[in-house]
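**Q** This is the structure I want to talk about, given as structure tokens.
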Amino acid sequence: MKGTVLGFDVQTGEGVILNDQDVRYAFSKMNWRDTLAPMKGQRVDFEPWGTMANNVFLDIQAGQFASLPAADMSFTDAVRSCFRRATDFQGRSRRKEYWYFRIVEICWTILVSLISDDLKHSGSVIAGLLNLLLILPCLYMFVVDLSVSVRRLHDTGRSGWWMLLYFTVIGMIPVWIMMCFDTDYRINKWGYPAKQP
């Protein structure tokens with residue numbers, strides 16, 4: 001049965017759906033079967049069970065893809081998205097996010113290498129401490145890189161565990177090839193496609 005979410009209270013975890021015949025059905029967070037959170041106005045597909053709605057999913061035919069990112073994403077938007085989602089290992093990311101972040105990471109690595117070499121040659125204690133301080137942003141960049149890589153694999157329909165191949169010398173090549181694949185436009189267990197078809 002199809003309907004529209006009239007409202008959802010995050011505090012109680014309960015909401016109301018109005019079906020196409022103007023009958024109201026209550027639902028709880030436990031009945032919600034989608035990765036996106038319930039919001040007012042969403043079109044849903046559900047199974048009626050008395051006055052309750054069970055197994056509530058977003059209705060894809062109703063244009064739910066409209067909330068997905070547009071096909072054109074600027075360089076800064078893609079990089080900002082990577083930093084904003086630094087600890088998100090569950091979602092999906094498109095090719096532009098991954099490859100634009102890869103460019104930033106290469107530039108960052110070159111910059112850190114130049115600074116580190118200069119600090120090593122100065123030989124002072126302060127230079128040594130500054131060199132140690134460079135480790136923190138490098139660790140942060142590593143986490144961001146790992147998360148966007150896992151999300152990129154999710155967007156192609158693959159598990160993030162494929163990233164373990166990246167840490168072997170020969171495994172880098174298949175992982176890079178996987179990162180080149182286009183978005184899998186089907187909904188998978190990691191959510192909706194990262195871009196519109």
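Chain labels run A, B, ... following the order of the structure tokens; each chain numbers its residues from 1, and ligands are numbered from 1 in the order shown.
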Name the residues of range 22-176 of chain A that come out as alpha helix (DSSP H) in a backbone DSSP run; write them as a ChimeraX atom specification.
**A** /A:75-84,95-122,125-133,135-155,172-176
**Q** Using only C-alpha atoms, which residues sit within 12 Å of Leu164 in chain A once same-chain residues fewer than 4 positions away are excluded, as a VMD selection string?
**A** chain A and resid 146 149 to 150 153 159 to 160 168 to 172 174 to 175
**Q** Restricting the output to all heavy atoms, write the selected residues as an mmCIF file, in the first residue's frame.
**A**
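Written file, result.cif:
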```
data_model
loop_
_atom_site.group_PDB
_atom_site.id
_atom_site.type_symbol
_atom_site.label_atom_id
_atom_site.label_comp_id
_atom_site.auth_asym_id
_atom_site.auth_seq_id
_atom_site.Cartn_x
_atom_site.Cartn_y
_atom_site.Cartn_z
ATOM 1 N N LEU A 146 40.281 6.819 3.848
ATOM 2 C CA LEU A 146 39.724 5.487 4.045
ATOM 3 C C LEU A 146 38.196 5.512 3.970
ATOM 4 O O LEU A 146 37.580 4.662 3.322
ATOM 5 C CB LEU A 146 40.188 4.922 5.387
ATOM 6 C CG LEU A 146 39.903 3.457 5.648
ATOM 7 C CD1 LEU A 146 40.574 2.579 4.596
ATOM 8 C CD2 LEU A 146 40.372 3.068 7.037
ATOM 9 N N SER A 149 36.964 6.121 0.408
ATOM 10 C CA SER A 149 37.242 4.929 -0.406
ATOM 11 C C SER A 149 36.218 3.829 -0.137
ATOM 12 O O SER A 149 35.729 3.181 -1.071
ATOM 13 C CB SER A 149 38.650 4.410 -0.112
ATOM 14 O OG SER A 149 39.612 5.369 -0.453
ATOM 15 N N VAL A 150 35.891 3.627 1.126
ATOM 16 C CA VAL A 150 34.892 2.616 1.482
ATOM 17 C C VAL A 150 33.529 3.002 0.908
ATOM 18 O O VAL A 150 32.829 2.170 0.315
ATOM 19 C CB VAL A 150 34.824 2.446 3.021
ATOM 20 C CG1 VAL A 150 33.593 1.653 3.437
ATOM 21 C CG2 VAL A 150 36.092 1.768 3.528
ATOM 22 N N LEU A 153 33.420 2.316 -2.828
ATOM 23 C CA LEU A 153 33.193 0.900 -3.106
ATOM 24 C C LEU A 153 31.725 0.550 -2.895
ATOM 25 O O LEU A 153 31.137 -0.194 -3.687
ATOM 26 C CB LEU A 153 34.095 0.033 -2.230
ATOM 27 C CG LEU A 153 35.566 0.021 -2.620
ATOM 28 C CD1 LEU A 153 36.407 -0.639 -1.535
ATOM 29 C CD2 LEU A 153 35.780 -0.684 -3.955
ATOM 30 N N SER A 159 31.626 -4.385 -1.162
ATOM 31 C CA SER A 159 31.905 -4.200 0.263
ATOM 32 C C SER A 159 33.155 -3.347 0.464
ATOM 33 O O SER A 159 34.096 -3.393 -0.337
ATOM 34 C CB SER A 159 32.110 -5.568 0.920
ATOM 35 O OG SER A 159 32.618 -5.416 2.215
ATOM 36 N N GLY A 160 33.170 -2.594 1.547
ATOM 37 C CA GLY A 160 34.334 -1.787 1.885
ATOM 38 C C GLY A 160 35.549 -2.625 2.266
ATOM 39 O O GLY A 160 36.679 -2.125 2.292
ATOM 40 N N THR A 168 48.153 -4.140 0.050
ATOM 41 C CA THR A 168 49.137 -5.025 -0.571
ATOM 42 C C THR A 168 49.630 -4.322 -1.826
ATOM 43 O O THR A 168 48.932 -3.495 -2.393
ATOM 44 C CB THR A 168 48.505 -6.379 -0.951
ATOM 45 O OG1 THR A 168 47.531 -6.166 -1.958
ATOM 46 C CG2 THR A 168 47.869 -7.052 0.250
ATOM 47 N N VAL A 169 50.824 -4.631 -2.250
ATOM 48 C CA VAL A 169 51.406 -3.928 -3.395
ATOM 49 C C VAL A 169 50.603 -4.183 -4.663
ATOM 50 O O VAL A 169 50.210 -3.259 -5.366
ATOM 51 C CB VAL A 169 52.886 -4.353 -3.587
ATOM 52 C CG1 VAL A 169 53.462 -3.688 -4.812
ATOM 53 C CG2 VAL A 169 53.693 -4.021 -2.354
ATOM 54 N N ILE A 170 50.308 -5.431 -4.963
ATOM 55 C CA ILE A 170 49.615 -5.773 -6.200
ATOM 56 C C ILE A 170 48.121 -5.450 -6.121
ATOM 57 O O ILE A 170 47.466 -5.235 -7.133
ATOM 58 C CB ILE A 170 49.849 -7.263 -6.564
ATOM 59 C CG1 ILE A 170 49.444 -7.563 -8.004
ATOM 60 C CG2 ILE A 170 49.126 -8.166 -5.600
ATOM 61 C CD1 ILE A 170 50.377 -7.004 -9.020
ATOM 62 N N GLY A 171 47.581 -5.386 -4.900
ATOM 63 C CA GLY A 171 46.150 -5.144 -4.725
ATOM 64 C C GLY A 171 45.702 -3.732 -5.035
ATOM 65 O O GLY A 171 44.510 -3.470 -5.194
ATOM 66 N N MET A 172 46.640 -2.783 -5.112
ATOM 67 C CA MET A 172 46.277 -1.393 -5.405
ATOM 68 C C MET A 172 45.601 -1.268 -6.773
ATOM 69 O O MET A 172 44.656 -0.502 -6.937
ATOM 70 C CB MET A 172 47.512 -0.499 -5.401
ATOM 71 C CG MET A 172 48.121 -0.271 -4.075
ATOM 72 S SD MET A 172 49.621 0.668 -4.345
ATOM 73 C CE MET A 172 49.833 1.427 -2.778
ATOM 74 N N PRO A 174 43.673 -3.459 -8.683
ATOM 75 C CA PRO A 174 42.241 -3.766 -8.767
ATOM 76 C C PRO A 174 41.373 -2.764 -8.005
ATOM 77 O O PRO A 174 40.269 -2.444 -8.448
ATOM 78 C CB PRO A 174 42.108 -5.165 -8.161
ATOM 79 C CG PRO A 174 43.457 -5.665 -7.916
ATOM 80 C CD PRO A 174 44.440 -4.582 -8.148
ATOM 81 N N VAL A 175 41.867 -2.255 -6.877
ATOM 82 C CA VAL A 175 41.084 -1.283 -6.113
ATOM 83 C C VAL A 175 40.918 0.001 -6.923
ATOM 84 O O VAL A 175 39.816 0.562 -7.006
ATOM 85 C CB VAL A 175 41.730 -0.998 -4.736
ATOM 86 C CG1 VAL A 175 41.041 0.164 -4.042
ATOM 87 C CG2 VAL A 175 41.675 -2.239 -3.860
#
```
**Q** Between CA of Lys96 in chain A and CA of Trp176 in chain A, what is the distance in Å, rounded to a tenth?
**A**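 Between CA of Lys96 in chain A and CA of Trp176 in chain A the gap works out to 13.7 Å.
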**Q** Pick out the residues sitting within 12 Å of Leu119 in chain A, and hand them over as an NGL selection string; count only C-alpha atoms, and ignore anything fewer than 3 positions along from it in its own chain.
**A** :A and (112-116 or 122-134)
**Q** Skipping near chain neighbours, those fewer than 4 positions away, what residues fall within 12 Å of Val79 in chain A using only C-alpha atoms, listed as a ChimeraX atom specification?
**A** /A:73-75,83-86,93-105,141,144-145,148
**Q** Go through chain A and collect every residue that DSSP, computed from the backbone, puts in strand (DSSP E or B); the answer should be as a ChimeraX atom specification.
**A** /A:2-9,14-19,24-28,32,43-49,52-58,188,191
**Q** May I have a table of the residues of range 44-136 of chain A lying at most 8 Å from range 16-25 of chain A, giving each one's closest pair of atoms and their distance in Å to one decimal, counting only C-alpha atoms, ordered by chain and ascending residue number, as JSON lines?
**A**
```
{"residue": "A:Pro48", "atom": "CA", "partner": "A:Tyr25", "partner_atom": "CA", "distance": 7.5}
{"residue": "A:Thr51", "atom": "CA", "partner": "A:Tyr25", "partner_atom": "CA", "distance": 5.1}
{"residue": "A:Met52", "atom": "CA", "partner": "A:Tyr25", "partner_atom": "CA", "distance": 5.0}
{"residue": "A:Ala53", "atom": "CA", "partner": "A:Tyr25", "partner_atom": "CA", "distance": 5.5}
```
**Q** Using N, CA, C and O atoms, can you export the residues from the last selection as a PDB file, in the first residue's frame?
**A**
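The file below, out17.pdb, is the result:
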```
ATOM      1  N   PRO A  48      -0.148  -2.667   5.584  1.00  0.00           N
ATOM      2  CA  PRO A  48      -1.061  -2.343   6.681  1.00  0.00           C
ATOM      3  C   PRO A  48      -1.230  -3.547   7.606  1.00  0.00           C
ATOM      4  O   PRO A  48      -1.309  -4.693   7.156  1.00  0.00           O
ATOM      5  N   THR A  51      -4.269  -0.909  12.419  1.00  0.00           N
ATOM      6  CA  THR A  51      -4.089   0.546  12.284  1.00  0.00           C
ATOM      7  C   THR A  51      -2.605   0.922  12.223  1.00  0.00           C
ATOM      8  O   THR A  51      -2.259   2.102  12.252  1.00  0.00           O
ATOM      9  N   MET A  52      -1.766  -0.075  12.150  1.00  0.00           N
ATOM     10  CA  MET A  52      -0.316   0.158  12.109  1.00  0.00           C
ATOM     11  C   MET A  52       0.215  -0.067  10.687  1.00  0.00           C
ATOM     12  O   MET A  52      -0.325  -0.874   9.940  1.00  0.00           O
ATOM     13  N   ALA A  53       1.281   0.648  10.372  1.00  0.00           N
ATOM     14  CA  ALA A  53       1.986   0.435   9.108  1.00  0.00           C
ATOM     15  C   ALA A  53       3.236  -0.369   9.413  1.00  0.00           C
ATOM     16  O   ALA A  53       4.019   0.002  10.290  1.00  0.00           O
TER      17      ALA A  53
END
```
**Q** Would you compute the distance between CA of Gly3 in chain A and CA of Met39 in chain A? Give it in Å to one decimal.
**A**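 Value for the CA of Gly3 in chain A-CA of Met39 in chain A distance: 12.8 Å.
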**Q** Using Å and a single decimal, report how far CA of Lys189 in chain A sits from CA of Lys2 in chain A.
**A**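 A separation of 22.0 Å between them.
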